[in-house]
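Asker: To start, I am sharing the structure in question, which I have written as structure tokens.
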Amino acid sequence: MTGPDTAEDAEDALFVLTAVLLTPAQFPSVLGDDYPEACAALGLEPYADGYGLVLGQDGTGARWTVVIDDVSLVAVAIASWDCGMEYDLSPDERTVVAGLPGWPLALAVAAPGIPAPHDPVPENGPDGASGPSPLAPPDTDAWGPAQRRLGADEIALQWAAWREQIDDEETFVAPGDKPHSGVRRVIKELHGYVDAPPPPGRVRSTFASGDARTLRADGPGWSVVARTDDIAFVLLDEEPGEVLPVGRGPELPGLLEALDKMAVRPS
């Protein structure tokens, strides 16, 4: 999507800044508790194979999000960038599903040599109706669902640092204990997920060290991060900034194993 030949081409060209996957197993959790909810935030149908989101600027500096159905292309680009390699992400026009004004995620970068990032001016359609409002990142300045999910993502990324803060001999759901009412509610809802699978993406499983898996689960007002061979951490909307550990105890191991079996996994 680069290499314009004329001034008009330069204005229409997309200078790619980054890309993310939007699939049942991998999606920006800041956008929703599950894959269909994240798709709805962008006005997209929850297509089973998912999408790639390409974020960039046009020649005027306007923010655009190009949605493509070539998921593998975006996955290769992301893997290359993560390894410090250059990769020219130039999707074929035939793979483009939609061009959406704005960015759904906050970016701290900008394309060089063009105006600073800004939302494009909405264009009126043939019937005089204005076009879609530009996408904007969810508000994470105050504690709420978006910030809670971001917090869970951070724990998953920094598991070792968070785990070091917990005493190995301490259990939080031992027989006879009265666990936190919010945590008890979350455990009950997780059992419900095992009995009746929730929407795709509510429970996701990714690689961890050894034979273990890292689980990420979300629900109304809560998020969970766990390792199948270890403990879990719970974050609640009603407990701003709090991270509540759940020890192995007699219940958690079997629950995590069951959740891992029904979780969606990256292909």
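Chains: A, B, ... in order of the structure tokens. Residues: from 1 per chain. Ligands: from 1, in order shown.
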Considering only helix (DSSP H, G or I) as DSSP defines it on the backbone, what residues of segment 52-234 of chain A qualify? List them as number ranges by chain.

Answerer: A: 71-82, 93-95, 145-157, 159-163, 181-195

Asker: According to DSSP computed on the backbone, where in segment 50-212 of chain A is there strand (DSSP E or B)? Give the residues as a PyMOL selection string.

Answerer: chain A and resi 51-57+62-68+96-102+118+124+130+135+203-207

Asker: Within 10 Å of segment 22-31 of chain A, which residues of segment 131-249 of chain A come that close, and what is the closest atom pair and distance in Å for each? Count only C-alpha atoms and give it as a Markdown table.

Answerer:
```
| residue | atom | partner | partner_atom | distance |
| --- | --- | --- | --- | --- |
| A:Pro137 | CA | A:Leu31 | CA | 8.3 |
| A:Pro138 | CA | A:Leu31 | CA | 7.0 |
| A:Asp139 | CA | A:Val30 | CA | 9.5 |
| A:Thr140 | CA | A:Val30 | CA | 8.8 |
| A:Pro145 | CA | A:Val30 | CA | 7.9 |
| A:Ala146 | CA | A:Val30 | CA | 4.8 |
| A:Gln147 | CA | A:Val30 | CA | 7.2 |
| A:Arg148 | CA | A:Val30 | CA | 8.4 |
| A:Arg149 | CA | A:Val30 | CA | 5.8 |
| A:Leu150 | CA | A:Val30 | CA | 5.9 |
| A:Gly151 | CA | A:Val30 | CA | 9.5 |
| A:Ala152 | CA | A:Ser29 | CA | 9.3 |
| A:Asp153 | CA | A:Ser29 | CA | 7.9 |
| A:Pro199 | CA | A:Pro24 | CA | 9.1 |
| A:Pro200 | CA | A:Pro24 | CA | 5.5 |
| A:Gly201 | CA | A:Pro24 | CA | 4.8 |
| A:Arg202 | CA | A:Pro24 | CA | 8.6 |
| A:Val203 | CA | A:Ala25 | CA | 8.5 |
| A:Arg204 | CA | A:Ala25 | CA | 5.9 |
| A:Ser205 | CA | A:Ala25 | CA | 7.7 |
| A:Thr206 | CA | A:Ala25 | CA | 8.7 |
| A:Arg216 | CA | A:Ser29 | CA | 9.8 |
| A:Asp218 | CA | A:Ser29 | CA | 9.1 |
```

Asker: Could the residues in this selection be saved with N, CA and C atoms as a PDB file, in the first residue's frame?

Answerer:
```pdb
ATOM      1  N   PRO A 137      -9.745   4.713  20.321  1.00  0.00           N
ATOM      2  CA  PRO A 137      -9.424   3.719  21.352  1.00  0.00           C
ATOM      3  C   PRO A 137     -10.394   3.821  22.519  1.00  0.00           C
ATOM      4  N   PRO A 138     -10.721   2.693  23.166  1.00  0.00           N
ATOM      5  CA  PRO A 138     -11.557   2.742  24.376  1.00  0.00           C
ATOM      6  C   PRO A 138     -10.883   3.585  25.454  1.00  0.00           C
ATOM      7  N   ASP A 139     -11.699   4.210  26.277  1.00  0.00           N
ATOM      8  CA  ASP A 139     -11.184   5.040  27.362  1.00  0.00           C
ATOM      9  C   ASP A 139     -10.579   4.150  28.447  1.00  0.00           C
ATOM     10  N   THR A 140      -9.296   4.302  28.674  1.00  0.00           N
ATOM     11  CA  THR A 140      -8.632   3.519  29.726  1.00  0.00           C
ATOM     12  C   THR A 140      -8.079   4.426  30.826  1.00  0.00           C
ATOM     13  N   PRO A 145     -14.067  -1.842  32.271  1.00  0.00           N
ATOM     14  CA  PRO A 145     -13.819  -3.077  31.509  1.00  0.00           C
ATOM     15  C   PRO A 145     -12.565  -3.033  30.647  1.00  0.00           C
ATOM     16  N   ALA A 146     -12.346  -1.934  29.921  1.00  0.00           N
ATOM     17  CA  ALA A 146     -11.183  -1.869  29.026  1.00  0.00           C
ATOM     18  C   ALA A 146      -9.881  -1.923  29.817  1.00  0.00           C
ATOM     19  N   GLN A 147      -9.793  -1.133  30.886  1.00  0.00           N
ATOM     20  CA  GLN A 147      -8.563  -1.118  31.672  1.00  0.00           C
ATOM     21  C   GLN A 147      -8.377  -2.439  32.419  1.00  0.00           C
ATOM     22  N   ARG A 148      -9.472  -3.029  32.856  1.00  0.00           N
ATOM     23  CA  ARG A 148      -9.399  -4.333  33.538  1.00  0.00           C
ATOM     24  C   ARG A 148      -8.826  -5.401  32.601  1.00  0.00           C
ATOM     25  N   ARG A 149      -9.289  -5.414  31.349  1.00  0.00           N
ATOM     26  CA  ARG A 149      -8.774  -6.400  30.398  1.00  0.00           C
ATOM     27  C   ARG A 149      -7.314  -6.134  30.049  1.00  0.00           C
ATOM     28  N   LEU A 150      -6.944  -4.856  29.930  1.00  0.00           N
ATOM     29  CA  LEU A 150      -5.539  -4.526  29.682  1.00  0.00           C
ATOM     30  C   LEU A 150      -4.669  -4.982  30.850  1.00  0.00           C
ATOM     31  N   GLY A 151      -5.182  -4.829  32.064  1.00  0.00           N
ATOM     32  CA  GLY A 151      -4.442  -5.284  33.235  1.00  0.00           C
ATOM     33  C   GLY A 151      -4.206  -6.779  33.202  1.00  0.00           C
ATOM     34  N   ALA A 152      -5.218  -7.528  32.788  1.00  0.00           N
ATOM     35  CA  ALA A 152      -5.065  -8.978  32.681  1.00  0.00           C
ATOM     36  C   ALA A 152      -4.051  -9.340  31.601  1.00  0.00           C
ATOM     37  N   ASP A 153      -4.069  -8.615  30.496  1.00  0.00           N
ATOM     38  CA  ASP A 153      -3.079  -8.851  29.445  1.00  0.00           C
ATOM     39  C   ASP A 153      -1.666  -8.639  29.983  1.00  0.00           C
ATOM     40  N   PRO A 199     -19.332 -17.460  24.072  1.00  0.00           N
ATOM     41  CA  PRO A 199     -18.942 -16.972  22.740  1.00  0.00           C
ATOM     42  C   PRO A 199     -17.446 -17.158  22.493  1.00  0.00           C
ATOM     43  N   PRO A 200     -17.040 -17.365  21.238  1.00  0.00           N
ATOM     44  CA  PRO A 200     -15.617 -17.571  20.923  1.00  0.00           C
ATOM     45  C   PRO A 200     -14.746 -16.440  21.463  1.00  0.00           C
ATOM     46  N   GLY A 201     -13.629 -16.818  22.064  1.00  0.00           N
ATOM     47  CA  GLY A 201     -12.690 -15.826  22.572  1.00  0.00           C
ATOM     48  C   GLY A 201     -12.854 -15.510  24.049  1.00  0.00           C
ATOM     49  N   ARG A 202     -13.950 -15.977  24.662  1.00  0.00           N
ATOM     50  CA  ARG A 202     -14.105 -15.743  26.102  1.00  0.00           C
ATOM     51  C   ARG A 202     -13.025 -16.482  26.889  1.00  0.00           C
ATOM     52  N   VAL A 203     -12.584 -17.622  26.374  1.00  0.00           N
ATOM     53  CA  VAL A 203     -11.506 -18.390  26.998  1.00  0.00           C
ATOM     54  C   VAL A 203     -10.481 -18.689  25.918  1.00  0.00           C
ATOM     55  N   ARG A 204      -9.243 -18.240  26.145  1.00  0.00           N
ATOM     56  CA  ARG A 204      -8.175 -18.436  25.172  1.00  0.00           C
ATOM     57  C   ARG A 204      -6.990 -19.114  25.848  1.00  0.00           C
ATOM     58  N   SER A 205      -6.313 -19.964  25.092  1.00  0.00           N
ATOM     59  CA  SER A 205      -5.174 -20.714  25.615  1.00  0.00           C
ATOM     60  C   SER A 205      -3.960 -20.457  24.736  1.00  0.00           C
ATOM     61  N   THR A 206      -2.840 -20.113  25.373  1.00  0.00           N
ATOM     62  CA  THR A 206      -1.593 -19.886  24.644  1.00  0.00           C
ATOM     63  C   THR A 206      -0.463 -20.645  25.330  1.00  0.00           C
ATOM     64  N   ARG A 216      -6.507 -17.166  29.376  1.00  0.00           N
ATOM     65  CA  ARG A 216      -7.111 -15.840  29.557  1.00  0.00           C
ATOM     66  C   ARG A 216      -8.601 -16.016  29.397  1.00  0.00           C
ATOM     67  N   ASP A 218     -12.547 -14.095  30.186  1.00  0.00           N
ATOM     68  CA  ASP A 218     -13.243 -12.852  30.532  1.00  0.00           C
ATOM     69  C   ASP A 218     -14.730 -13.114  30.640  1.00  0.00           C
TER      70      ASP A 218
END
```

Asker: Tell me, as a list in words, which residues lie within 12 Å of Arg184 of chain A, counting only C-alpha atoms; anything in the same chain fewer than 3 positions away does not count.

Answerer: Phe172, Val173, Asp177, Lys178, Pro179, His180, Ser181, Ile187, Lys188, Glu189, Leu190, His191, Trp222, Val234, Leu236, Leu244, Pro245, Val246, Glu251 and Leu252 of chain A

Asker: Quick one: residues within 7 Å of Val74 of chain A, only C-alpha atoms, excluding same-chain residues fewer than 4 positions away - as a list in words?

Answerer: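 What passes the distance filter is Ala19, Leu21, Gly52, Asp70 and Ile78 of chain A.
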
Asker: Please provide the set of residues having any atom within 7 Å of Val96 of chain A, restricted to only C-alpha atoms, with same-chain residues fewer than 5 positions apart removed, written as a CSV table (one decimal) with N, CA, C and O atoms, in the first residue's frame.

Answerer:
```csv
chain,number,residue,atom,x,y,z
A,66,VAL,N,-7.5,-0.5,7.9
A,66,VAL,CA,-7.9,-1.3,6.7
A,66,VAL,C,-8.1,-2.7,7.2
A,66,VAL,O,-7.2,-3.3,7.8
A,67,VAL,N,-9.3,-3.3,7.0
A,67,VAL,CA,-9.6,-4.6,7.5
A,67,VAL,C,-9.4,-5.5,6.3
A,67,VAL,O,-10.0,-5.3,5.2
A,68,ILE,N,-8.6,-6.6,6.4
A,68,ILE,CA,-8.4,-7.6,5.4
A,68,ILE,C,-8.7,-9.0,5.9
A,68,ILE,O,-8.7,-9.2,7.1
A,69,ASP,N,-9.0,-9.9,4.9
A,69,ASP,CA,-9.3,-11.2,5.3
A,69,ASP,C,-8.2,-12.2,5.1
A,69,ASP,O,-8.3,-13.4,5.3
```

Asker: To one decimal in Å, tell me the separation between atom CA of Glu154 of chain A and atom CA of Pro36 of chain A.

Answerer: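 One can read the atom CA of Glu154 of chain A to atom CA of Pro36 of chain A distance as 22.2 Å.
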
Asker: For Gln158 of chain A, which residue among A:Ala106, A:Ala48, A:Ala226, A:Trp143 is the nearest when counting only C-alpha atoms?

Answerer: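 Ranking A:Ala106, A:Ala48, A:Ala226, A:Trp143 by distance to Gln158 of chain A, first place goes to A:Ala226.
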
Asker: By how many Å are atom CA of Pro134 of chain A and atom CA of Glu86 of chain A apart?

Answerer: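 Atom-to-atom, atom CA of Pro134 of chain A to atom CA of Glu86 of chain A, that is 29.2 Å.
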
Asker: From the options A:Pro104, A:Gly210, A:Met262, A:Glu242, which residue's atoms come nearest to Ala40 of chain A, counting only C-alpha atoms?

Answerer: A:Pro104

Asker: If we count only C-alpha atoms and set the cut-off at 6 Å, which residues sit around Pro117 of chain A, ignoring sequence neighbours fewer than 3 positions away in its own chain? Please answer as a ChimeraX atom specification.

Answerer: /A:61-63

Asker: What is the atom CA of Ala212 of chain A to atom CA of Ala161 of chain A distance in Å?

Answerer: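 Straight-line distance from atom CA of Ala212 of chain A to atom CA of Ala161 of chain A works out to 17.2 Å.
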
Asker: Determine, counting only C-alpha atoms, which protein, DNA and RNA residues have an atom within 8 Å of an atom of segment 14-17 of chain A; residues of the same chain fewer than 6 positions away are not included. Present the result as a list in words.

Answerer: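 Listed by chain and then number, they are Met1, Thr2, Val54, Leu55, Gly56, Gln57, Asp58, Gly59, Trp64, Leu89, Val109, Ala110 and Ala111 of chain A.
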
Asker: For Thr228 of chain A, which of A:Gly50, A:Pro112, A:Gly254, A:Gly144 is the closest residue, counting only C-alpha atoms?

Answerer: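 So, comparing all the options, the nearest one is A:Gly254.
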